[in-house]
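Source file: start33.cif (mmCIF, C-alpha atoms and all ligand atoms)
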```cif
data_upload
#
loop_
_atom_site.group_PDB
_atom_site.id
_atom_site.type_symbol
_atom_site.label_atom_id
_atom_site.label_comp_id
_atom_site.auth_asym_id
_atom_site.auth_seq_id
_atom_site.Cartn_x
_atom_site.Cartn_y
_atom_site.Cartn_z
ATOM 1 C CA MET A 282 19.305 17.661 34.009
ATOM 2 C CA ASP A 283 18.650 17.754 30.263
ATOM 3 C CA ALA A 284 20.632 20.983 29.924
ATOM 4 C CA VAL A 285 23.832 19.150 31.027
ATOM 5 C CA TRP A 286 23.861 17.326 27.677
ATOM 6 C CA ILE A 287 23.520 20.487 25.617
ATOM 7 C CA LEU A 288 26.981 21.837 26.505
ATOM 8 C CA PRO A 289 29.043 18.892 25.149
ATOM 9 C CA VAL A 290 26.878 18.836 22.009
ATOM 10 C CA LEU A 291 27.434 22.539 21.469
ATOM 11 C CA LEU A 292 31.178 22.022 21.859
ATOM 12 C CA VAL A 293 31.519 18.824 19.837
ATOM 13 C CA LEU A 294 29.340 19.920 16.908
ATOM 14 C CA PRO A 295 31.511 22.849 15.786
ATOM 15 C CA LEU A 296 34.627 20.749 16.359
ATOM 16 C CA LEU A 297 33.352 17.976 14.091
ATOM 17 C CA LEU A 298 32.156 20.471 11.478
ATOM 18 C CA TRP A 299 35.600 22.028 11.511
ATOM 19 C CA THR A 300 37.682 18.866 11.425
ATOM 20 C CA SER A 301 35.740 16.141 9.579
ATOM 21 C CA SER A 302 34.650 16.493 5.954
ATOM 22 C CA THR A 303 32.724 13.225 6.291
ATOM 23 C CA PHE A 304 30.757 14.682 9.201
ATOM 24 C CA VAL A 305 30.131 17.866 7.189
ATOM 25 C CA PHE A 306 28.782 15.746 4.344
ATOM 26 C CA TYR A 307 26.300 13.823 6.514
ATOM 27 C CA PHE A 308 25.375 16.948 8.434
ATOM 28 C CA LYS A 309 24.526 18.701 5.161
ATOM 29 C CA LYS A 310 22.587 15.681 3.981
ATOM 30 C CA CYS A 311 20.405 15.654 7.133
ATOM 31 C CA PHE A 312 20.017 19.410 6.925
ATOM 32 C CA TYR A 313 18.909 19.118 3.290
ATOM 33 C CA VAL A 314 16.146 16.597 4.021
ATOM 34 C CA ALA A 315 14.925 18.453 7.126
ATOM 35 C CA TYR A 316 15.000 21.839 5.416
ATOM 36 C CA MET A 317 13.140 20.606 2.317
ATOM 37 C CA MET A 318 10.513 19.093 4.629
ATOM 38 C CA LEU A 319 10.202 22.472 6.367
ATOM 39 C CA LEU A 320 10.011 24.410 3.107
ATOM 40 C CA ALA A 321 7.265 22.067 1.994
ATOM 41 C CA VAL A 322 5.318 22.832 5.203
ATOM 42 C CA ILE A 323 5.381 26.494 4.196
ATOM 43 C CA ALA A 324 4.693 25.842 0.508
ATOM 44 C CA ILE A 325 1.682 23.543 1.035
ATOM 45 C CA PRO A 326 -0.752 26.219 2.294
ATOM 46 C CA ILE A 327 0.577 28.734 -0.244
ATOM 47 C CA CYS A 328 -0.127 26.314 -3.100
ATOM 48 C CA ILE A 329 -3.561 25.406 -1.763
ATOM 49 C CA LEU A 330 -4.521 29.061 -1.347
ATOM 50 C CA LYS A 331 -3.107 30.008 -4.740
ATOM 51 C CA SER A 332 -4.363 27.158 -6.907
ATOM 52 C CA GLY A 333 -6.950 25.381 -4.774
ATOM 53 C CA GLY A 334 -5.211 21.986 -4.997
ATOM 54 C CA ARG A 335 -3.127 19.883 -7.419
ATOM 55 C CA ASP A 336 -2.047 22.198 -10.223
ATOM 56 C CA ILE A 337 1.055 22.441 -12.392
ATOM 57 C CA GLU A 338 1.217 26.178 -11.662
ATOM 58 C CA ASN A 339 2.281 25.192 -8.132
ATOM 59 C CA MET A 340 5.663 24.234 -9.593
ATOM 60 C CA ARG A 341 6.395 27.970 -9.791
ATOM 61 C CA VAL A 342 6.022 28.219 -6.010
ATOM 62 C CA ILE A 343 8.191 25.137 -5.479
ATOM 63 C CA ARG A 344 10.838 26.432 -7.897
ATOM 64 C CA PHE A 345 10.933 29.822 -6.206
ATOM 65 C CA MET A 346 11.187 28.332 -2.718
ATOM 66 C CA VAL A 347 13.867 25.764 -3.534
ATOM 67 C CA ARG A 348 16.292 28.001 -5.438
ATOM 68 C CA HIS A 349 18.112 29.410 -2.404
ATOM 69 C CA VAL A 350 18.794 25.989 -0.813
ATOM 70 C CA LYS A 351 22.022 25.617 -2.806
ATOM 71 C CA TYR A 352 23.658 28.432 -0.819
ATOM 72 C CA PHE A 353 23.312 26.504 2.475
ATOM 73 C CA LEU A 354 24.997 23.469 0.931
ATOM 74 C CA GLY A 355 27.829 25.338 -0.761
ATOM 75 C CA LEU A 356 26.590 24.421 -4.241
ATOM 76 C CA ARG A 357 26.592 26.622 -7.337
ATOM 77 C CA PHE A 358 25.247 25.894 -10.814
ATOM 78 C CA GLN A 359 26.460 26.939 -14.212
ATOM 79 C CA VAL A 360 23.605 26.979 -16.730
ATOM 80 C CA SER A 361 24.067 26.967 -20.474
ATOM 81 C CA GLY A 362 21.553 26.526 -23.288
ATOM 82 C CA TRP A 363 18.624 27.656 -21.141
ATOM 83 C CA GLU A 364 17.234 29.613 -24.101
ATOM 84 C CA HIS A 365 16.468 26.350 -25.920
ATOM 85 C CA LEU A 366 13.748 25.621 -23.381
ATOM 86 C CA GLN A 367 11.961 28.889 -24.113
ATOM 87 C CA THR A 368 9.668 27.546 -26.823
ATOM 88 C CA ASP A 369 5.887 27.261 -26.834
ATOM 89 C CA GLY A 370 4.054 24.022 -26.467
ATOM 90 C CA PRO A 371 4.732 20.695 -24.809
ATOM 91 C CA TYR A 372 8.087 18.925 -24.739
ATOM 92 C CA VAL A 373 9.990 16.332 -22.733
ATOM 93 C CA ILE A 374 13.197 17.096 -20.834
ATOM 94 C CA ILE A 375 15.494 14.216 -19.963
ATOM 95 C CA SER A 376 18.354 14.289 -17.493
ATOM 96 C CA ASN A 377 20.660 11.895 -15.741
ATOM 97 C CA HIS A 378 19.982 11.181 -12.068
ATOM 98 C CA GLN A 379 22.727 10.815 -9.473
ATOM 99 C CA SER A 380 21.200 11.940 -6.204
ATOM 100 C CA SER A 381 18.282 13.649 -4.499
ATOM 101 C CA LEU A 382 20.321 16.854 -4.864
ATOM 102 C CA ASP A 383 19.410 16.769 -8.571
ATOM 103 C CA VAL A 384 16.192 18.529 -7.532
ATOM 104 C CA LEU A 385 18.272 21.653 -6.871
ATOM 105 C CA GLY A 386 19.702 21.625 -10.408
ATOM 106 C CA MET A 387 16.270 20.915 -11.803
ATOM 107 C CA MET A 388 14.831 23.983 -10.090
ATOM 108 C CA GLU A 389 17.553 26.176 -11.641
ATOM 109 C CA VAL A 390 16.240 25.546 -15.148
ATOM 110 C CA LEU A 391 12.692 24.222 -14.737
ATOM 111 C CA PRO A 392 10.506 25.946 -17.345
ATOM 112 C CA ASP A 393 6.974 27.118 -16.574
ATOM 113 C CA ARG A 394 4.256 24.480 -16.761
ATOM 114 C CA CYS A 395 6.738 21.655 -16.339
ATOM 115 C CA SER A 396 6.349 18.756 -13.928
ATOM 116 C CA THR A 397 8.098 15.428 -13.582
ATOM 117 C CA ILE A 398 7.671 11.670 -13.444
ATOM 118 C CA ALA A 399 8.582 10.160 -10.077
ATOM 119 C CA LYS A 400 8.467 6.815 -8.324
ATOM 120 C CA LYS A 401 5.264 6.457 -6.291
ATOM 121 C CA GLU A 402 7.177 5.918 -3.028
ATOM 122 C CA LEU A 403 7.979 9.641 -3.027
ATOM 123 C CA LEU A 404 4.306 10.364 -2.442
ATOM 124 C CA TRP A 405 4.767 9.011 1.100
ATOM 125 C CA ALA A 406 7.768 11.212 1.912
ATOM 126 C CA GLY A 407 5.867 13.355 4.380
ATOM 127 C CA THR A 408 5.391 16.998 3.468
ATOM 128 C CA VAL A 409 7.740 16.596 0.476
ATOM 129 C CA GLY A 410 5.383 13.957 -0.923
ATOM 130 C CA MET A 411 2.422 16.246 -0.410
ATOM 131 C CA ILE A 412 4.056 19.200 -2.162
ATOM 132 C CA CYS A 413 5.072 16.915 -5.055
ATOM 133 C CA TRP A 414 1.439 15.871 -5.424
ATOM 134 C CA LEU A 415 0.288 19.501 -5.326
ATOM 135 C CA GLY A 416 2.864 20.314 -8.036
ATOM 136 C CA GLY A 417 1.251 17.842 -10.420
ATOM 137 C CA ILE A 418 4.073 15.316 -10.298
ATOM 138 C CA VAL A 419 3.094 12.092 -12.058
ATOM 139 C CA PHE A 420 3.713 9.059 -9.865
ATOM 140 C CA ILE A 421 4.449 5.663 -11.357
ATOM 141 C CA ASN A 422 4.753 2.210 -9.866
ATOM 142 C CA ARG A 423 8.037 0.933 -11.276
ATOM 143 C CA LYS A 424 7.279 -2.600 -10.072
ATOM 144 C CA LYS A 425 4.145 -2.748 -12.232
ATOM 145 C CA THR A 426 5.356 -1.857 -15.713
ATOM 146 C CA SER A 427 1.927 -2.056 -17.354
ATOM 147 C CA ASP A 428 0.455 0.336 -14.743
ATOM 148 C CA ALA A 429 3.415 2.693 -15.234
ATOM 149 C CA LYS A 430 2.908 2.677 -19.005
ATOM 150 C CA ASN A 431 -0.808 3.430 -18.590
ATOM 151 C CA VAL A 432 -0.060 6.326 -16.257
ATOM 152 C CA MET A 433 2.478 7.663 -18.752
ATOM 153 C CA SER A 434 -0.003 7.329 -21.625
ATOM 154 C CA ASP A 435 -2.491 9.416 -19.636
ATOM 155 C CA ALA A 436 0.302 11.904 -18.900
ATOM 156 C CA ALA A 437 1.023 12.151 -22.640
ATOM 157 C CA LYS A 438 -2.620 13.039 -23.316
ATOM 158 C CA THR A 439 -2.610 15.689 -20.574
ATOM 159 C CA MET A 440 0.703 16.991 -21.862
ATOM 160 C CA LEU A 441 -0.792 17.611 -25.299
ATOM 161 C CA ALA A 442 -4.202 18.838 -24.136
ATOM 162 C CA ASP A 443 -2.909 21.260 -21.495
ATOM 163 C CA LYS A 444 0.410 22.141 -23.174
ATOM 164 C CA ILE A 445 2.550 21.013 -20.272
ATOM 165 C CA ARG A 446 6.156 19.868 -20.260
ATOM 166 C CA LEU A 447 7.452 16.773 -18.497
ATOM 167 C CA TRP A 448 10.872 16.120 -17.002
ATOM 168 C CA VAL A 449 11.879 12.453 -17.037
ATOM 169 C CA PHE A 450 14.909 10.649 -15.625
ATOM 170 C CA PRO A 451 15.245 7.995 -18.333
ATOM 171 C CA GLU A 452 17.711 5.891 -16.328
ATOM 172 C CA GLY A 453 14.707 5.189 -14.078
ATOM 173 C CA THR A 454 16.731 5.289 -10.855
ATOM 174 C CA ARG A 455 19.686 7.098 -9.244
ATOM 175 C CA ASN A 456 23.063 6.064 -10.552
ATOM 176 C CA GLN A 457 26.518 7.105 -9.366
ATOM 177 C CA ASN A 458 28.681 4.645 -11.227
ATOM 178 C CA GLY A 459 30.396 7.245 -13.348
ATOM 179 C CA GLY A 460 28.297 6.739 -16.467
ATOM 180 C CA LEU A 461 24.712 6.412 -17.603
ATOM 181 C CA LEU A 462 22.441 3.397 -17.124
ATOM 182 C CA PRO A 463 20.683 2.164 -20.273
ATOM 183 C CA PHE A 464 17.662 4.354 -20.887
ATOM 184 C CA LYS A 465 14.105 3.178 -20.210
ATOM 185 C CA LYS A 466 11.727 3.973 -23.027
ATOM 186 C CA GLY A 467 8.946 5.932 -21.287
ATOM 187 C CA ALA A 468 10.397 9.393 -21.960
ATOM 188 C CA PHE A 469 10.645 8.674 -25.675
ATOM 189 C CA HIS A 470 7.112 7.307 -25.910
ATOM 190 C CA LEU A 471 6.029 10.624 -24.369
ATOM 191 C CA ALA A 472 8.171 12.585 -26.798
ATOM 192 C CA ILE A 473 6.889 10.916 -29.959
ATOM 193 C CA GLN A 474 3.348 11.754 -28.937
ATOM 194 C CA ALA A 475 4.272 15.399 -28.426
ATOM 195 C CA GLN A 476 6.038 15.557 -31.801
ATOM 196 C CA GLY A 477 3.757 13.513 -34.044
ATOM 197 C CA LEU A 478 6.308 10.701 -34.535
ATOM 198 C CA THR A 479 5.491 6.973 -34.306
ATOM 199 C CA ALA A 480 6.498 4.067 -32.055
ATOM 200 C CA ASP A 481 9.038 3.074 -34.720
ATOM 201 C CA ASP A 482 10.976 6.249 -33.884
ATOM 202 C CA VAL A 483 11.373 5.400 -30.163
ATOM 203 C CA THR A 484 14.499 3.269 -30.448
ATOM 204 C CA LEU A 485 16.413 5.711 -32.653
ATOM 205 C CA LEU A 486 15.362 8.694 -30.522
ATOM 206 C CA SER A 487 16.434 6.862 -27.370
ATOM 207 C CA GLU A 488 19.799 5.823 -28.816
ATOM 208 C CA GLN A 489 20.576 9.296 -30.142
ATOM 209 C CA SER A 490 19.607 10.921 -26.848
ATOM 210 C CA PHE A 491 21.737 8.435 -24.911
ATOM 211 C CA GLY A 492 24.767 9.197 -27.083
ATOM 212 C CA ILE A 493 24.382 12.959 -26.716
ATOM 213 C CA MET A 494 23.816 12.822 -22.949
ATOM 214 C CA ARG A 495 26.686 10.403 -22.413
ATOM 215 C CA SER A 496 29.222 12.578 -24.206
ATOM 216 C CA ALA A 497 27.993 15.693 -22.378
ATOM 217 C CA PHE A 498 28.133 13.796 -19.079
ATOM 218 C CA LEU A 499 31.688 12.606 -19.639
ATOM 219 C CA GLU A 500 32.815 16.046 -20.771
ATOM 220 C CA ILE A 501 31.337 17.745 -17.689
ATOM 221 C CA SER A 502 32.600 15.015 -15.339
ATOM 222 C CA GLY A 503 36.074 15.459 -16.722
ATOM 223 C CA GLN A 504 36.028 19.073 -15.603
ATOM 224 C CA SER A 505 34.739 18.291 -12.144
ATOM 225 C CA VAL A 506 37.675 17.887 -9.772
ATOM 226 C CA GLN A 507 36.232 18.923 -6.414
ATOM 227 C CA SER A 508 34.990 16.427 -3.860
ATOM 228 C CA ASN A 509 33.063 17.257 -0.718
ATOM 229 C CA GLY A 510 32.761 14.002 1.164
ATOM 230 C CA PRO A 511 32.051 10.339 0.460
ATOM 231 C CA SER A 512 31.247 9.560 -3.153
ATOM 232 C CA THR A 513 27.919 7.853 -2.451
ATOM 233 C CA HIS A 514 25.014 10.053 -1.407
HETATM 234 C C1 LIG B 601 9.013 23.970 -1.496
HETATM 235 C C2 LIG B 601 9.647 22.690 -0.966
HETATM 236 C C3 LIG B 601 9.861 21.636 -1.917
HETATM 237 C C4 LIG B 601 10.491 20.418 -1.410
HETATM 238 C C5 LIG B 601 10.550 19.297 -2.365
HETATM 239 C C6 LIG B 601 10.625 19.631 -3.748
HETATM 240 C C7 LIG B 601 10.451 18.502 -4.671
HETATM 241 C C8 LIG B 601 10.261 19.068 -6.013
HETATM 242 C C9 LIG B 601 9.826 18.164 -7.022
HETATM 243 C C10 LIG B 601 10.938 17.441 -7.651
HETATM 244 C C11 LIG B 601 10.662 16.000 -7.724
HETATM 245 C C12 LIG B 601 11.767 15.281 -8.295
HETATM 246 C C13 LIG B 601 11.471 13.866 -8.205
HETATM 247 C C14 LIG B 601 12.521 13.042 -8.800
HETATM 248 C C15 LIG B 601 12.117 11.638 -8.792
HETATM 249 C C16 LIG B 601 12.832 10.867 -9.828
HETATM 250 C C17 LIG B 601 12.417 9.462 -9.875
HETATM 251 O O1 LIG B 601 11.597 8.992 -9.156
HETATM 252 S S1 LIG B 601 13.203 8.511 -11.073
HETATM 253 C C18 LIG B 601 12.246 7.061 -11.064
HETATM 254 C C19 LIG B 601 10.941 7.181 -11.740
HETATM 255 N N1 LIG B 601 11.009 7.548 -13.118
HETATM 256 C C20 LIG B 601 11.095 6.682 -14.120
HETATM 257 O O2 LIG B 601 11.216 5.495 -13.919
HETATM 258 C C21 LIG B 601 10.996 7.222 -15.507
HETATM 259 C C22 LIG B 601 11.593 6.371 -16.496
HETATM 260 N N2 LIG B 601 10.955 5.038 -16.606
HETATM 261 C C23 LIG B 601 10.405 4.594 -17.779
HETATM 262 O O3 LIG B 601 10.343 5.359 -18.686
HETATM 263 C C24 LIG B 601 10.019 3.153 -18.003
HETATM 264 O O4 LIG B 601 9.833 2.980 -19.368
HETATM 265 C C25 LIG B 601 8.749 2.574 -17.372
HETATM 266 C C26 LIG B 601 7.521 3.294 -17.896
HETATM 267 C C27 LIG B 601 8.798 2.706 -15.858
HETATM 268 C C28 LIG B 601 8.670 1.056 -17.753
HETATM 269 O O5 LIG B 601 9.865 0.441 -17.420
HETATM 270 P P1 LIG B 601 10.422 -0.973 -17.980
HETATM 271 O O6 LIG B 601 9.313 -1.859 -18.430
HETATM 272 O O7 LIG B 601 11.324 -1.504 -16.961
HETATM 273 O O8 LIG B 601 11.373 -0.670 -19.192
HETATM 274 P P2 LIG B 601 11.381 -0.214 -20.705
HETATM 275 O O9 LIG B 601 12.574 -0.880 -21.276
HETATM 276 O O10 LIG B 601 11.394 1.257 -20.763
HETATM 277 O O11 LIG B 601 10.069 -0.741 -21.452
HETATM 278 C C29 LIG B 601 9.789 -2.099 -21.815
HETATM 279 C C30 LIG B 601 8.874 -2.099 -23.047
HETATM 280 O O12 LIG B 601 7.732 -1.284 -22.851
HETATM 281 C C31 LIG B 601 7.689 -0.216 -23.818
HETATM 282 N N3 LIG B 601 7.249 1.019 -23.136
HETATM 283 C C32 LIG B 601 7.881 1.664 -22.129
HETATM 284 N N4 LIG B 601 7.219 2.768 -21.787
HETATM 285 C C33 LIG B 601 6.139 2.845 -22.585
HETATM 286 C C34 LIG B 601 5.088 3.785 -22.736
HETATM 287 N N5 LIG B 601 5.005 4.872 -21.947
HETATM 288 N N6 LIG B 601 4.155 3.557 -23.668
HETATM 289 C C35 LIG B 601 4.226 2.474 -24.462
HETATM 290 N N7 LIG B 601 5.195 1.523 -24.379
HETATM 291 C C36 LIG B 601 6.153 1.714 -23.468
HETATM 292 C C37 LIG B 601 9.101 -0.086 -24.332
HETATM 293 O O13 LIG B 601 9.139 0.439 -25.607
HETATM 294 C C38 LIG B 601 9.593 -1.521 -24.250
HETATM 295 O O14 LIG B 601 9.099 -2.239 -25.354
HETATM 296 P P3 LIG B 601 10.059 -2.599 -26.598
HETATM 297 O O15 LIG B 601 9.221 -3.449 -27.463
HETATM 298 O O16 LIG B 601 11.248 -3.288 -26.027
HETATM 299 O O17 LIG B 601 10.405 -1.287 -27.235
HETATM 300 C C1 LIG B 602 7.862 10.312 6.416
HETATM 301 C C2 LIG B 602 9.281 10.677 6.239
HETATM 302 C C3 LIG B 602 9.908 10.061 5.025
HETATM 303 C C4 LIG B 602 11.259 10.669 4.778
HETATM 304 C C5 LIG B 602 11.678 10.488 3.345
HETATM 305 C C6 LIG B 602 12.609 11.543 2.972
HETATM 306 C C7 LIG B 602 12.440 11.882 1.543
HETATM 307 C C8 LIG B 602 13.382 12.930 1.064
HETATM 308 C C9 LIG B 602 12.959 14.250 1.528
HETATM 309 C C10 LIG B 602 13.536 15.374 1.127
HETATM 310 C C11 LIG B 602 14.565 15.413 0.100
HETATM 311 C C12 LIG B 602 14.349 16.566 -0.777
HETATM 312 C C13 LIG B 602 13.476 16.291 -1.952
HETATM 313 C C14 LIG B 602 14.150 15.450 -2.941
HETATM 314 C C15 LIG B 602 13.229 14.649 -3.759
HETATM 315 C C16 LIG B 602 14.035 13.805 -4.690
HETATM 316 C C17 LIG B 602 13.626 12.410 -4.676
HETATM 317 C C18 LIG B 602 14.596 11.508 -5.306
HETATM 318 O O1 LIG B 602 15.649 11.809 -5.787
HETATM 319 O O2 LIG B 602 14.133 10.255 -5.304
HETATM 320 C C19 LIG B 602 14.939 9.244 -5.799
HETATM 321 C C20 LIG B 602 14.318 8.656 -7.023
HETATM 322 O O3 LIG B 602 14.379 9.609 -7.976
HETATM 323 C C21 LIG B 602 15.001 7.404 -7.507
HETATM 324 O O4 LIG B 602 15.033 6.572 -6.469
HETATM 325 P P1 LIG B 602 15.926 5.241 -6.449
HETATM 326 O O5 LIG B 602 17.360 5.621 -6.578
HETATM 327 O O6 LIG B 602 15.469 4.399 -7.585
HETATM 328 O O7 LIG B 602 15.584 4.657 -5.138
#
```
Could the structure of this file be written out as C-alpha cells, please?
Amino acid sequence: MDAVWILPVLLVLPLLLWTSSTFVFYFKKCFYVAYMMLLAVIAIPICILKSGGRDIENMRVIRFMVRHVKYFLGLRFQVSGWEHLQTDGPYVIISNHQSSLDVLGMMEVLPDRCSTIAKKELLWAGTVGMICWLGGIVFINRKKTSDAKNVMSDAAKTMLADKIRLWVFPEGTRNQNGGLLPFKKGAFHLAIQAQGLTADDVTLLSEQSFGIMRSAFLEISGQSVQSNGPSTH
C-alpha cells in the first residue's frame, strides 16, 4: 500500500525541481541541514578517536569534511587576501553574517587553530551541536550579557595561552537587510587583549573595522547579480 505513494512523489519531485526555483531553494535548504547533520554523525567519532574530546584541532576535520558541500548547492567561492591570515600567534577574524550558509564560506578560509563564538542554542542542534562542541566553539548566552562577557574574557585568556584564533560575527545575529548591523563590542575586547591595546582602543577599533567591512560589503554586493530563490534564507 505504501509503495503506491512513492510513484507520484518520484514523478512530482523532478517536475518541481525542474520548474520551480522556489522549490529548488527550499529543497536545497532542507538538503543542507540534513546533510550537515549526517556529516556531523561521521565526524563525531573521527574527532573523538583523533583528539579524545573537545579540541580545537577538531576544526581541521570539520573544515575538511564541509568543504565539498558547496558543490551540491551550486555555490562557488572566490578567495582573496588569504595570505594575510598566515601569521603566527592569536588573532580575531570578524565577518558579516547573513545566513547559516556562511559556515561554507568560513570553512574555505578558516586558518588552523581557529574556532568561533556562537549562540548557545546551537549546542542543542543535534549532531551539529555536538560537533561544534567538539571543535572548541565558544558558546555564549546572548540574553545574559554579563555571562557572555565572562565567557569571552575566559576565551581571551585561552586565546593568548594556547595561541588560538577566534572568528566572531560582530553583528551578533544574522542580517539580510542589505547592510551591516551596528557592531557589538565583544570581538574588539578580544582583539585588544591579543594585541596589547587597552579598553580605550575598543571604540576606535570597532568603528574602523565597521567602515572597512561596510565598504567591502557594498562593493562585493554591487557585483553580485545572481539570485537563486527567495531573498530570505
Ligand atoms: C563535519 C560536519 C559539520 C557540520 C557543522 C559544522 C559547523 C561548523 C562550525 C561553524 C559554526 C558557526 C557558528 C556560527 C554561529 C554564529 C552566531 O551564533 S552569531 C551570534 C553569537 N555571536 C555573538 O553574539 C558575537 C558578538 N557579540 C558580542 O560581541 C557582544 O558584545 C556580547 C558579548 C554578546 C554582549 O552583547 P551586548 O551587551 O548586547 O552589546 P555590546 O554593545 O557589545 O556591549 C555592551 C557593553 O559591554 C562591553 N563589552 C562587550 N563585550 C565585552 C567583553 N567581552 N569584555 C568587556 N566588556 C565588554 C561593551 O564595551 C559595552 O560597553 P561600553 O561602555 O558601551 O563600551
Ligand atoms: C535537534 C534538531 C535541531 C535542528 C536545528 C538545525 C540546526 C542547523 C543544522 C545544520 C545547519 C548547518 C550548520 C550551520 C550552523 C550555522 C549556525 C548559524 O548560522 O546560526 C545562526 C546564528 O549564527 C545567529 O542566529 P540568529 O540569526 O541570531 O538566530
Item to check | Residue nearest ligand LIG 601 (chain B) among A:Pro463, A:Cys328, A:Met317, A:Gly386 (counting all atoms listed in the file) | outcome: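 Distance minimum relative to ligand LIG 601 (chain B) lands on A:Met317.
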List all protein, DNA and RNA residues that have any atom at most 7 Å from ligand LIG 602 (chain B), counting all atoms listed in the file, and write the list as a compact mmCIF listing (two decimals) with C-alpha atoms, keeping the file's coordinate frame.
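Saved the output as part34.txt:
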```
# COMPACT_ATOMS: atom_id res chain seq x y z
CA TYR A 313 18.91 19.12 3.29
CA VAL A 314 16.15 16.60 4.02
CA ALA A 315 14.92 18.45 7.13
CA MET A 317 13.14 20.61 2.32
CA MET A 318 10.51 19.09 4.63
CA SER A 380 21.20 11.94 -6.20
CA SER A 381 18.28 13.65 -4.50
CA LEU A 382 20.32 16.85 -4.86
CA ASP A 383 19.41 16.77 -8.57
CA VAL A 384 16.19 18.53 -7.53
CA ALA A 399 8.58 10.16 -10.08
CA LYS A 400 8.47 6.82 -8.32
CA LEU A 403 7.98 9.64 -3.03
CA TRP A 405 4.77 9.01 1.10
CA ALA A 406 7.77 11.21 1.91
CA GLY A 407 5.87 13.36 4.38
CA VAL A 409 7.74 16.60 0.48
CA GLY A 453 14.71 5.19 -14.08
CA THR A 454 16.73 5.29 -10.86
CA ARG A 455 19.69 7.10 -9.24
CA ASN A 456 23.06 6.06 -10.55
```
Checklist entry - Could you write out as a list in words the residues that the PyMOL selection byres (((not hetatm)) within 6 of (chain B and resi 601)) matches in the shown file? => result Met317, Leu320, Ala321, Ala324, Ile343, Met346, Val347, Val384, Ile398, Ala399, Lys400, Val409, Cys413, Arg423, Thr426, Ala429, Lys430, Met433, Ser434, Val449, Phe450, Pro451, Gly453, Thr454, Lys465, Lys466, Gly467, Ala468 and His470 of chain A
Item to check | Atomic distance CA of Ile287 (chain A) - CA of Phe304 (chain A), expressed in Å with one decimal | outcome: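 Pair CA of Ile287 (chain A) / CA of Phe304 (chain A) returns 18.9 Å.
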Next on the checklist: So that I can check the surroundings of Leu354 (chain A), please list as a PyMOL selection string every protein, DNA and RNA residue that reaches within 7 Å of it, counting only C-alpha atoms and ignoring chain neighbours fewer than 3 positions away.
Outcome noted: chain A and resi 309+350-351
Next on the checklist: Ranking A:Tyr316, A:Tyr307, A:Phe464, A:Phe469 by minimum distance to Thr408 (chain A) and counting all atoms listed in the file, which one comes first?
Outcome noted: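 Between A:Tyr316, A:Tyr307, A:Phe464, A:Phe469, the residue approaching Thr408 (chain A) most closely is A:Tyr316.
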Using only C-alpha atoms, what does the table of region 345-402 of chain A residues within 10 Å of region 490-504 of chain A look like, with each row giving the shortest atom pair and its distance in Å to one decimal, sorted by chain and ascending number, as CSV?
```
residue,atom,partner,partner_atom,distance
A:Ile375,CA,A:Ser490,CA,8.7
A:Ser376,CA,A:Met494,CA,7.9
A:Asn377,CA,A:Met494,CA,7.9
```
Next on the checklist: Once the PyMOL selection byres (((chain A and resi 373) around 9) and not hetatm) is applied to the coordinates I shared, what remains selected? I want it as an NGL selection string.
Outcome noted: :A and (371-372 or 374-375 or 395 or 446-449 or 468-469 or 471-472 or 475)
Item to check | Spatial neighbours of Val305 (chain A), max dist 12 Å, only C-alpha atoms, sep filter under 3 positions, as a list in words | outcome: Leu294, Pro295, Leu296, Leu297, Leu298, Trp299, Thr300, Ser301, Ser302, Phe308, Lys309, Lys310, Cys311, Phe312, Tyr313, Phe353, Leu354, Gly355, Asn509, Gly510 and Pro511 of chain A
Checklist outcome for this item: With distances taken over only C-alpha atoms, the candidate from A:Met340, A:Ile473, A:Ala437, A:Leu291 nearest Met388 (chain A) is A:Met340
Checklist entry - In terms of the shortest atom-to-atom distance over only C-alpha atoms, which of A:Leu288, A:Leu404, A:Val342, A:Ile337 is closest to Gly417 (chain A)? => result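 Between A:Leu288, A:Leu404, A:Val342, A:Ile337, the residue approaching Gly417 (chain A) most closely is A:Ile337.
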Checklist entry - Could you name the residues that touch region 360-366 of chain A at 9 Å or less, counting only C-alpha atoms, but leaving out those on the same chain fewer than 2 positions away, as a PyMOL selection string? => result chain A and resi 358+368-369+372+374+389-392
Item to check | Which residue of A:Met411, A:Gln474, A:Lys425, A:Gln457 approaches Val322 (chain A) most closely, using all atoms listed in the file | outcome: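 With all atoms listed in the file as the atom set, the closest residue is A:Met411.
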Item to check | Distance of CA of Leu461 (chain A) from CA of Trp414 (chain A), expressed in Å to one decimal place | outcome: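 One can read the CA of Trp414 (chain A) to CA of Leu461 (chain A) distance as 27.9 Å.
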Item to check | One-decimal distance in Å that lies between CA of Leu441 (chain A) and CA of Leu478 (chain A) | outcome: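 So the two atoms, CA of Leu478 (chain A) and CA of Leu441 (chain A), lie 13.5 Å apart.
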Next on the checklist: Which residue is closest to Leu356 (chain A)? Choose from A:Leu385, A:Gly370, A:Ile421, A:Ile329 and count all atoms listed in the file.
Outcome noted: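 Looking at the shortest contact to Leu356 (chain A), the residue is A:Leu385.
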